[in-house]
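Novice: Dropping in upload05.tsv, with TSV, C-alpha atoms.
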chain	number	residue	atom	x	y	z
J	218	MET	CA	13.92	-15.78	19.30
J	219	THR	CA	12.02	-17.13	16.26
J	220	ASP	CA	9.10	-14.84	17.02
J	221	LYS	CA	11.44	-11.83	17.28
J	222	ILE	CA	12.90	-12.50	13.83
J	223	PHE	CA	9.47	-12.97	12.24
J	224	LEU	CA	8.17	-9.89	14.04
J	225	LEU	CA	10.91	-7.78	12.47
J	226	LEU	CA	10.35	-9.35	9.04
J	227	SER	CA	6.57	-8.86	9.33
J	228	THR	CA	7.12	-5.21	10.32
J	229	MET	CA	9.17	-4.55	7.20
J	230	LEU	CA	7.46	-6.78	4.62
J	231	PRO	CA	4.24	-4.83	3.86
J	232	THR	CA	5.96	-1.47	3.24
J	233	ILE	CA	8.78	-2.91	1.15
J	234	ALA	CA	6.47	-5.19	-0.85
J	235	LEU	CA	4.06	-2.34	-1.67
J	236	LEU	CA	6.94	-0.04	-2.61
J	237	LEU	CA	8.46	-2.61	-4.97
J	238	PHE	CA	5.04	-3.46	-6.43
J	239	PHE	CA	4.29	0.14	-7.42
J	240	MET	CA	7.89	0.94	-8.37
J	241	TYR	CA	8.06	-1.93	-10.86
J	242	SER	CA	4.52	-1.36	-12.11
J	243	ASP	CA	5.76	1.86	-13.70
J	244	LYS	CA	6.52	1.34	-17.40
J	245	PHE	CA	9.58	3.56	-17.05
J	246	VAL	CA	11.08	2.52	-13.73
J	247	GLU	CA	12.45	5.34	-11.59
J	248	PRO	CA	16.11	5.33	-10.49
J	249	LYS	CA	16.48	3.30	-7.31
J	250	LYS	CA	18.48	6.01	-5.51
J	251	ASN	CA	15.67	8.55	-6.10
J	252	VAL	CA	13.06	6.20	-4.72
J	253	LEU	CA	15.26	5.22	-1.79
J	254	SER	CA	16.06	8.83	-0.88
J	255	THR	CA	12.35	9.70	-0.99
J	256	PHE	CA	11.58	6.67	1.20
J	257	ILE	CA	14.20	7.78	3.73
J	258	LEU	CA	12.86	11.34	3.72
J	259	GLY	CA	9.44	9.87	4.39
J	260	ILE	CA	10.87	8.26	7.53
J	261	PHE	CA	12.28	11.60	8.72
J	262	ILE	CA	8.90	13.33	8.41
J	263	ILE	CA	8.36	12.19	11.99
J	264	ALA	CA	10.75	14.88	13.30
J	265	PRO	CA	9.03	18.06	12.02
J	266	LEU	CA	5.65	16.41	12.59
J	267	GLN	CA	6.34	15.97	16.30
J	268	VAL	CA	7.66	19.54	16.60
J	269	PHE	CA	4.59	21.03	14.94
J	270	HIS	CA	2.24	18.79	16.88
J	271	TYR	CA	3.67	19.67	20.28
J	272	THR	CA	3.83	23.36	19.37
J	273	ALA	CA	0.14	23.27	18.45
J	274	VAL	CA	-0.70	21.51	21.72
J	275	MET	CA	1.30	24.13	23.69
J	276	ILE	CA	-0.59	26.95	21.97
J	277	LEU	CA	-4.06	25.39	22.09
J	278	GLY	CA	-3.70	23.73	25.49
J	279	GLU	CA	-3.08	20.11	26.47
J	280	PRO	CA	-6.74	18.99	26.62
J	281	ILE	CA	-6.99	19.39	22.82
J	282	ASP	CA	-4.59	16.51	22.42
J	283	TYR	CA	-7.18	14.15	23.93
J	284	ASN	CA	-9.76	15.18	21.37
J	285	PRO	CA	-10.04	12.36	18.78
J	286	PHE	CA	-11.07	14.79	16.01
J	287	PHE	CA	-7.97	16.96	16.61
J	288	ARG	CA	-5.65	13.96	16.78
J	289	ALA	CA	-7.14	12.40	13.65
J	290	PHE	CA	-7.50	15.43	11.41
J	291	PHE	CA	-4.67	17.66	12.63
J	292	LYS	CA	-1.85	15.43	13.88
J	293	ALA	CA	-2.46	12.22	11.92
J	294	ALA	CA	-3.93	13.60	8.70
J	295	PHE	CA	-2.98	17.25	8.13
J	296	LEU	CA	0.59	17.24	9.50
J	297	GLU	CA	1.55	13.88	7.99
J	298	GLU	CA	0.14	14.70	4.57
J	299	LEU	CA	1.55	18.25	4.66
J	300	PHE	CA	5.11	17.01	5.18
J	301	LYS	CA	4.73	14.26	2.59
J	302	PHE	CA	3.48	16.97	0.24
J	303	CYS	CA	6.59	19.04	1.00
J	304	VAL	CA	8.85	16.05	0.25
J	305	LEU	CA	7.10	15.47	-3.07
J	306	TYR	CA	6.76	19.05	-4.20
J	307	PHE	CA	10.07	20.55	-3.05
J	308	PHE	CA	12.32	17.50	-3.42
J	309	CYS	CA	10.99	14.88	-5.81
J	310	THR	CA	9.86	17.24	-8.55
J	311	LYS	CA	13.48	18.43	-8.80
J	312	PHE	CA	14.68	14.98	-9.95
J	313	THR	CA	15.73	14.84	-13.59
J	314	ALA	CA	13.88	11.53	-13.75
J	315	PHE	CA	10.62	13.24	-12.73
J	316	ASN	CA	9.50	13.51	-16.31
J	317	GLU	CA	5.92	12.18	-16.43
J	318	PRO	CA	2.80	12.30	-14.23
J	319	MET	CA	3.16	8.62	-13.23
J	320	ASP	CA	6.38	9.53	-11.42
J	321	GLY	CA	4.30	11.53	-8.95
J	322	ILE	CA	2.57	8.32	-7.92
J	323	VAL	CA	5.81	6.38	-7.48
J	324	TYR	CA	7.42	9.07	-5.34
J	325	GLY	CA	4.15	9.65	-3.48
J	326	ILE	CA	4.10	5.99	-2.55
J	327	ALA	CA	7.78	6.06	-1.56
J	328	ALA	CA	7.32	9.02	0.80
J	329	SER	CA	4.13	7.56	2.33
J	330	LEU	CA	5.61	4.12	2.83
J	331	GLY	CA	8.76	5.58	4.36
J	332	PHE	CA	6.61	7.16	7.02
J	333	ALA	CA	4.49	4.01	7.37
J	334	PHE	CA	7.66	1.96	7.83
J	335	TRP	CA	8.79	4.15	10.71
J	336	GLU	CA	5.28	4.19	12.19
J	337	ASN	CA	5.22	0.39	12.15
J	338	LEU	CA	8.49	0.28	14.07
J	339	GLU	CA	7.13	2.83	16.56
J	340	TYR	CA	3.93	0.90	17.22
J	341	VAL	CA	5.74	-2.39	17.58
J	342	TYR	CA	8.91	-1.50	19.44
J	343	ILE	CA	8.44	1.90	21.05
J	344	TYR	CA	4.88	2.44	22.32
J	345	GLY	CA	4.28	1.00	25.74
J	346	GLU	CA	5.76	-2.11	27.28
J	347	PHE	CA	6.81	-4.74	24.77
J	348	ASP	CA	4.60	-7.82	24.65
J	349	MET	CA	5.35	-10.28	21.84
J	350	GLU	CA	1.79	-11.39	21.15
J	351	ASP	CA	0.44	-7.80	21.19
J	352	ALA	CA	3.27	-6.70	18.90
J	353	LEU	CA	2.57	-9.50	16.42
J	354	ILE	CA	-1.15	-8.72	16.38
J	355	THR	CA	-0.40	-5.00	15.90
J	356	VAL	CA	1.91	-5.71	12.97
J	357	TRP	CA	-0.59	-8.13	11.46
J	358	GLY	CA	-3.47	-5.64	11.72
J	359	ARG	CA	-1.46	-2.70	10.41
J	360	ALA	CA	-0.17	-4.70	7.42
J	361	PHE	CA	-3.73	-4.95	6.04
J	362	THR	CA	-5.09	-1.58	7.13
J	363	ALA	CA	-2.73	1.27	8.04
J	364	VAL	CA	0.10	0.47	5.63
J	365	PRO	CA	-2.06	0.10	2.49
J	366	SER	CA	-4.03	3.18	3.57
J	367	HIS	CA	-0.81	5.21	3.76
J	368	ALA	CA	0.15	3.90	0.32
J	369	PHE	CA	-3.24	4.86	-1.14
J	370	ASP	CA	-2.89	8.39	0.26
J	371	GLY	CA	0.54	8.57	-1.36
J	372	VAL	CA	-0.89	7.50	-4.72
J	373	ILE	CA	-3.65	10.13	-4.57
J	374	MET	CA	-1.24	12.89	-3.55
J	375	GLY	CA	1.34	11.85	-6.14
J	376	PHE	CA	-1.29	11.74	-8.87
J	377	PHE	CA	-2.41	15.34	-8.28
J	378	ILE	CA	1.15	16.62	-7.89
J	379	GLY	CA	2.09	14.89	-11.15
J	380	LYS	CA	-0.93	16.45	-12.87
J	381	HIS	CA	-0.04	19.88	-11.51
J	382	TYR	CA	3.61	19.66	-12.47
J	383	PHE	CA	2.84	18.68	-16.07
J	384	ARG	CA	-0.22	20.91	-16.46
J	385	THR	CA	-0.77	23.00	-19.54
J	386	ASN	CA	-2.75	25.77	-17.80
J	387	LYS	CA	-2.02	28.06	-14.82
J	388	SER	CA	-4.57	26.53	-12.47
J	389	HIS	CA	-3.36	25.38	-9.04
J	390	ILE	CA	-6.43	23.27	-8.32
J	391	ASN	CA	-4.48	20.02	-8.59
J	392	LEU	CA	-2.02	21.27	-6.00
J	393	LEU	CA	-4.86	21.97	-3.59
J	394	LEU	CA	-6.42	18.57	-4.25
J	395	ALA	CA	-3.02	16.90	-3.69
J	396	LEU	CA	-3.24	17.97	-0.06
J	397	LEU	CA	-6.99	18.17	0.53
J	398	VAL	CA	-8.11	14.73	-0.68
J	399	PRO	CA	-5.52	12.69	1.28
J	400	VAL	CA	-6.09	14.81	4.41
J	401	ILE	CA	-9.85	14.23	4.27
J	402	LEU	CA	-9.60	10.50	3.63
J	403	HIS	CA	-6.76	9.98	6.10
J	404	GLY	CA	-8.54	12.11	8.70
J	405	PHE	CA	-11.79	10.17	8.50
J	406	TYR	CA	-9.91	6.87	8.52
J	407	ASP	CA	-8.14	7.77	11.77
J	408	TRP	CA	-11.14	9.45	13.33
J	409	VAL	CA	-13.33	6.34	13.11
J	410	LEU	CA	-10.55	4.45	14.88
J	411	MET	CA	-10.02	7.02	17.61
J	412	GLU	CA	-13.60	8.09	18.29
J	413	GLU	CA	-15.10	5.60	20.73
J	414	SER	CA	-18.69	6.31	19.71
J	415	ILE	CA	-18.04	5.24	16.10
J	416	ASN	CA	-17.70	1.62	15.02
J	417	SER	CA	-14.05	1.21	14.01
J	418	ASN	CA	-15.03	-1.10	11.13
J	419	PHE	CA	-16.00	2.07	9.21
J	420	MET	CA	-12.28	2.36	8.45
J	421	PHE	CA	-12.86	-0.33	5.81
J	422	LEU	CA	-15.35	2.01	4.12
J	423	PHE	CA	-12.68	4.71	3.78
J	424	MET	CA	-10.11	2.17	2.66
J	425	THR	CA	-12.54	0.99	-0.03
J	426	ILE	CA	-13.09	4.59	-1.21
J	427	GLU	CA	-9.32	5.13	-1.29
J	428	PHE	CA	-8.77	1.86	-3.14
J	429	GLY	CA	-11.42	2.67	-5.73
J	430	LEU	CA	-9.94	6.14	-6.27
J	431	VAL	CA	-6.44	4.69	-6.56
J	432	ILE	CA	-7.52	2.16	-9.20
J	433	TYR	CA	-9.30	4.91	-11.19
J	434	LEU	CA	-6.38	7.38	-11.02
J	435	TYR	CA	-3.74	4.72	-11.70
J	436	ARG	CA	-5.57	3.34	-14.73
J	437	SER	CA	-6.12	6.81	-16.16
J	438	LEU	CA	-2.36	7.50	-15.92
J	439	LYS	CA	-1.50	4.09	-17.40
J	440	THR	CA	-3.80	4.87	-20.36
J	441	ASP	CA	-2.05	8.24	-20.79
J	442	GLN	CA	1.34	6.50	-20.65
J	443	LEU	CA	0.27	3.98	-23.30
J	444	GLN	CA	-1.11	6.74	-25.55
J	445	LYS	CA	2.12	8.73	-25.29
J	446	LYS	CA	4.16	5.61	-26.05
J	447	THR	CA	1.99	4.89	-29.15
J	448	GLU	CA	2.26	8.52	-30.32
J	449	SER	CA	6.06	8.59	-29.94
J	450	GLU	CA	6.32	5.26	-31.84
J	451	LYS	CA	4.18	6.72	-34.65
J	452	LYS	CA	6.43	9.82	-34.83
J	453	LEU	CA	9.54	7.64	-35.02
J	454	ASN	CA	7.98	5.64	-37.85
X	245	MET	CA	11.10	-13.33	-12.68
X	246	LYS	CA	11.40	-10.06	-14.63
X	247	ASN	CA	9.92	-11.69	-17.74
X	248	TYR	CA	7.01	-13.04	-15.71
X	249	TRP	CA	6.39	-9.62	-14.13
X	250	LEU	CA	6.48	-7.80	-17.47
X	251	GLY	CA	4.13	-10.35	-19.07
X	252	ASN	CA	6.74	-11.42	-21.61
X	253	THR	CA	6.18	-15.15	-21.10
X	254	SER	CA	3.23	-16.98	-22.61
X	255	LEU	CA	-0.06	-16.93	-20.72
X	256	ALA	CA	-0.14	-20.70	-20.34
X	257	LYS	CA	3.38	-20.88	-18.94
X	258	THR	CA	2.86	-17.88	-16.65
X	259	PHE	CA	-0.47	-19.09	-15.36
X	260	TRP	CA	0.30	-22.73	-14.75
X	261	SER	CA	3.78	-22.28	-13.29
X	262	LEU	CA	2.89	-19.45	-10.95
X	263	VAL	CA	-0.53	-20.73	-9.93
X	264	LEU	CA	0.91	-24.18	-9.22
X	265	PHE	CA	3.59	-22.56	-7.08
X	266	ILE	CA	1.12	-20.48	-5.04
X	267	LEU	CA	-1.30	-23.37	-4.59
X	268	ILE	CA	1.52	-25.55	-3.24
X	269	TYR	CA	2.60	-22.67	-1.01
X	270	PHE	CA	-0.92	-22.27	0.42
X	271	TYR	CA	-1.31	-26.01	0.85
X	272	VAL	CA	1.91	-26.26	2.84
X	273	ILE	CA	1.26	-23.27	5.11
X	274	HIS	CA	-2.45	-23.91	5.71
X	275	SER	CA	-2.30	-27.66	6.17
X	276	ASN	CA	-1.26	-29.49	9.32
X	277	LEU	CA	2.13	-30.32	7.80
X	278	LEU	CA	3.80	-27.37	9.48
X	279	HIS	CA	1.51	-26.90	12.46
X	280	LYS	CA	2.89	-29.96	14.21
X	281	LYS	CA	6.50	-28.83	13.73
X	282	ILE	CA	6.36	-25.02	14.04
X	283	GLU	CA	4.48	-23.35	16.88
X	284	SER	CA	5.63	-19.77	16.36
X	285	LEU	CA	2.76	-17.25	15.89
X	286	GLY	CA	5.23	-14.87	14.26
X	287	PHE	CA	6.08	-17.48	11.63
X	288	TYR	CA	2.43	-17.99	10.60
X	289	ILE	CA	1.73	-14.25	10.51
X	290	PHE	CA	4.78	-13.75	8.30
X	291	VAL	CA	4.05	-16.62	5.89
X	292	ASP	CA	0.41	-15.54	5.54
X	293	MET	CA	1.54	-11.98	4.74
X	294	LEU	CA	4.09	-13.36	2.29
X	295	GLY	CA	1.31	-15.42	0.69
X	296	VAL	CA	-0.66	-12.22	0.06
X	297	VAL	CA	2.42	-10.49	-1.39
X	298	LEU	CA	3.12	-13.45	-3.69
X	299	SER	CA	-0.54	-13.57	-4.77
X	300	PHE	CA	-0.43	-9.94	-5.82
X	301	PHE	CA	2.85	-10.47	-7.66
X	302	ILE	CA	1.33	-13.44	-9.51
X	303	LEU	CA	-1.84	-11.42	-10.21
X	304	GLY	CA	0.25	-8.65	-11.82
X	305	SER	CA	2.26	-11.14	-13.87
X	306	VAL	CA	-0.74	-13.11	-15.14
X	307	TRP	CA	-2.70	-9.90	-15.80
X	308	ARG	CA	0.06	-8.50	-18.05
X	309	SER	CA	0.52	-11.82	-19.80
X	310	ALA	CA	-3.25	-12.08	-20.33
X	311	ASN	CA	-3.30	-8.55	-21.80
X	312	ASN	CA	-0.60	-9.59	-24.28
X	313	TYR	CA	-2.40	-12.84	-25.21
X	314	LYS	CA	-3.61	-12.87	-28.81
X	315	GLY	CA	-5.71	-16.07	-28.88
X	316	ASN	CA	-9.22	-16.93	-27.70
X	317	LYS	CA	-10.51	-14.23	-25.32
X	318	ILE	CA	-11.90	-16.77	-22.86
X	319	TRP	CA	-8.42	-17.71	-21.57
X	320	PRO	CA	-7.39	-14.23	-20.40
X	321	ILE	CA	-10.79	-13.82	-18.72
X	322	LEU	CA	-10.53	-17.17	-16.96
X	323	SER	CA	-6.95	-16.62	-15.89
X	324	LYS	CA	-7.64	-13.13	-14.50
X	325	THR	CA	-10.73	-14.40	-12.66
X	326	SER	CA	-8.76	-17.30	-11.18
X	327	LEU	CA	-6.07	-14.96	-9.91
X	328	ILE	CA	-8.59	-12.59	-8.38
X	329	LEU	CA	-10.05	-15.56	-6.51
X	330	ILE	CA	-6.57	-16.58	-5.34
X	331	VAL	CA	-5.90	-13.06	-4.06
X	332	ILE	CA	-9.26	-13.01	-2.25
X	333	TYR	CA	-8.44	-16.40	-0.72
X	334	SER	CA	-5.02	-15.19	0.45
X	335	LEU	CA	-6.54	-12.07	2.04
X	336	TYR	CA	-9.27	-14.14	3.66
X	337	LYS	CA	-6.82	-16.63	5.15
X	338	ALA	CA	-4.31	-14.01	6.23
X	339	TYR	CA	-6.63	-11.37	7.64
X	340	PHE	CA	-10.41	-11.43	7.23
X	341	LYS	CA	-10.92	-14.88	8.69
X	342	TRP	CA	-9.35	-13.68	11.97
X	343	ARG	CA	-10.70	-10.11	11.89
X	344	PHE	CA	-14.34	-11.08	11.39
X	345	PRO	CA	-14.72	-14.64	12.72
X	346	ASP	CA	-18.37	-14.19	13.77
X	347	LEU	CA	-19.38	-12.69	10.43
X	348	ILE	CA	-17.64	-15.49	8.52
X	349	ASN	CA	-19.26	-18.14	10.75
X	350	ASN	CA	-22.71	-16.59	10.27
X	351	ILE	CA	-22.32	-16.46	6.48
X	352	PHE	CA	-20.98	-19.98	6.15
Starting from the coordinates I provided, produce the structure as structure tokens.

Specialist:
Amino acid sequence: MTDKIFLLLSTMLPTIALLLFFMYSDKFVEPKKNVLSTFILGIFIIAPLQVFHYTAVMILGEPIDYNPFFRAFFKAAFLEELFKFCVLYFFCTKFTAFNEPMDGIVYGIAASLGFAFWENLEYVYIYGEFDMEDALITVWGRAFTAVPSHAFDGVIMGFFIGKHYFRTNKSHINLLLALLVPVILHGFYDWVLMEESINSNFMFLFMTIEFGLVIYLYRSLKTDQLQKKTESEKKLN
Amino acid sequence: MKNYWLGNTSLAKTFWSLVLFILIYFYVIHSNLLHKKIESLGFYIFVDMLGVVLSFFILGSVWRSANNYKGNKIWPILSKTSLILIVIYSLYKAYFKWRFPDLINNIF
């Protein structure tokens, strides 16, 4: 019984902790209901994702679904990131509170972690026969790899969507990068795990690249935020 | 907690209170004090994860407080370095020690 309780808590802790960390790292904290609704939409991404995945398998033939490259880049990377992109671009940018580029990161994280939250529950409680020790080890491993990786992809996507939304020119390059960069990084991350001929420890290489990119993008937005705050204080004075 | 997180408390107070807390936390969960009484794998996985979460929270708090510190520059540098080491320790104990036991044994 004790293990069951801690299993459930361990399943939820990484996603909720990361969400709160990034949410409260924003100088101008987003409304909780906006973040929560984005998080919940992130959970529901699973529905259209499964529909599109199975449709693709029906069209291309079942053997494709056993191909690690297809599963990593199409199902895991492209479909997941595409629907997160849709949540951010068609839903989150309509919030009144979406008023600075940093908000893209917060909502990007919320959508990604919503999906990661559901995925954690799937891996622990739904896939295969339930074995307590296996479930605990799965949750433990995912807390330090898959969940932060999802969050990093959300940051990268949110950054580019924020930049696009508040752009001063007509270029759509940031919109393209919002989808392309997370798909590539996510795809490679999953591929090294699924492809038997590749050492799965390479996933740490892609996590490190994602982490470095996240730090760079986050700090550049924080600097922008600080500059804007200083400029508005000067104008008031 | 909000004042700690926003870096509104003094660096000394933030650093010593939070670092003392996390060091006691790690001592309790990594010593044999609990191991004799609690045998649940789920419990240790959860408390190790919570240790990492708390370390990052403390890192953020001390970092902001250090950025707001106006005195000798050595103190913010030392406090940030200490917290980075605490975060690395928490990640090592919670994950890397178990994920790469052979590598760790070969290095040390």

Novice: From the list X:Val296, X:Leu327, X:Leu267, X:Leu322, which residue is nearest chain J when using only C-alpha atoms?

Specialist: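 Distance minimum relative to chain J lands on X:Val296.
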
Novice: As an NGL selection string, could you give me every residue of chain J near chain X (at most 6 Å apart, counting only C-alpha atoms)?

Specialist: :J and (220 or 223-224 or 227)

Novice: Range 252-261 of chain J: which residues within 12 Å, counting only C-alpha atoms, same-chain residues fewer than 2 positions away excluded, as a PyMOL selection string?

Specialist: chain J and resi 232-233+236-237+239-241+246-250+263-267+297-312+314-315+320-339+367-368+371

Novice: Find the residues near range 390-405 of chain J: any atom within 7 Å, counting all atoms listed in the file, skip ones fewer than 5 places away on the same chain, and give them as a ChimeraX atom specification.

Specialist: /J:289-290,293-295,298-299,302,370,373-374,377-378,380-381,423

Novice: Given the choices J:Tyr340, J:Phe238, J:Trp357, J:Phe369, which gets closest to Ile432 in chain J if the distance is worked out from only C-alpha atoms?

Specialist: J:Phe369

Novice: How far is it from CA of Ser261 in chain X to CA of Pro231 in chain J, in Å with one decimal?

Specialist: 24.5 Å

Novice: Return the single residue from J:Phe269, J:Phe286, J:Phe347, J:Phe245 that is closest to Lys221 in chain J, with distances computed using all atoms listed in the file.

Specialist: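 Of all the options, J:Phe347 lies closest to Lys221 in chain J.
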
Novice: Using only C-alpha atoms, which of the listed residues (X:Ser334, X:Ser326, X:Ser254, X:Asn247) sits closest to Ser309 in chain X?

Specialist: X:Ser254

Novice: To one decimal in Å, tell me the separation between CA of Ser299 in chain X and CA of Thr253 in chain X.

Specialist: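 Computing it gives 17.7 Å between the two atoms.
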
Novice: Residues proximal to (-5.4, -6.1, -19.6) were defined as those with any atom within 12 Å of that point in the file's coordinates, counting only C-alpha atoms. Which are they, as a ChimeraX atom specification?

Specialist: /J:436,439-440 /X:251,303-314,317,320-321,323-324

Novice: Hey, can you spit out that residue selection with C-alpha atoms as a PDB file, in the coordinates of the input?

Specialist:
ATOM      1  CA  ARG J 436      -5.570   3.340 -14.730  1.00  0.00           C
ATOM      2  CA  LYS J 439      -1.500   4.090 -17.400  1.00  0.00           C
ATOM      3  CA  THR J 440      -3.800   4.870 -20.360  1.00  0.00           C
TER       4      THR J 440
ATOM      5  CA  GLY X 251       4.130 -10.350 -19.070  1.00  0.00           C
ATOM      6  CA  LEU X 303      -1.840 -11.420 -10.210  1.00  0.00           C
ATOM      7  CA  GLY X 304       0.250  -8.650 -11.820  1.00  0.00           C
ATOM      8  CA  SER X 305       2.260 -11.140 -13.870  1.00  0.00           C
ATOM      9  CA  VAL X 306      -0.740 -13.110 -15.140  1.00  0.00           C
ATOM     10  CA  TRP X 307      -2.700  -9.900 -15.800  1.00  0.00           C
ATOM     11  CA  ARG X 308       0.060  -8.500 -18.050  1.00  0.00           C
ATOM     12  CA  SER X 309       0.520 -11.820 -19.800  1.00  0.00           C
ATOM     13  CA  ALA X 310      -3.250 -12.080 -20.330  1.00  0.00           C
ATOM     14  CA  ASN X 311      -3.300  -8.550 -21.800  1.00  0.00           C
ATOM     15  CA  ASN X 312      -0.600  -9.590 -24.280  1.00  0.00           C
ATOM     16  CA  TYR X 313      -2.400 -12.840 -25.210  1.00  0.00           C
ATOM     17  CA  LYS X 314      -3.610 -12.870 -28.810  1.00  0.00           C
ATOM     18  CA  LYS X 317     -10.510 -14.230 -25.320  1.00  0.00           C
ATOM     19  CA  PRO X 320      -7.390 -14.230 -20.400  1.00  0.00           C
ATOM     20  CA  ILE X 321     -10.790 -13.820 -18.720  1.00  0.00           C
ATOM     21  CA  SER X 323      -6.950 -16.620 -15.890  1.00  0.00           C
ATOM     22  CA  LYS X 324      -7.640 -13.130 -14.500  1.00  0.00           C
TER      23      LYS X 324
END

Novice: Given only C-alpha atoms as the basis, pick out the residue of J:Asp441, J:Met411, J:Tyr435, J:Lys452 nearest to Asn284 in chain J.

Specialist: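 Checking each of J:Asp441, J:Met411, J:Tyr435, J:Lys452 against Asn284 in chain J, counting only C-alpha atoms, the winner is J:Met411.
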
Novice: Can you measure CA of Lys280 in chain X to CA of Ile222 in chain J for me? One decimal in Å is fine.

Specialist: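 Taking CA of Lys280 in chain X and CA of Ile222 in chain J, their separation equals 20.1 Å.
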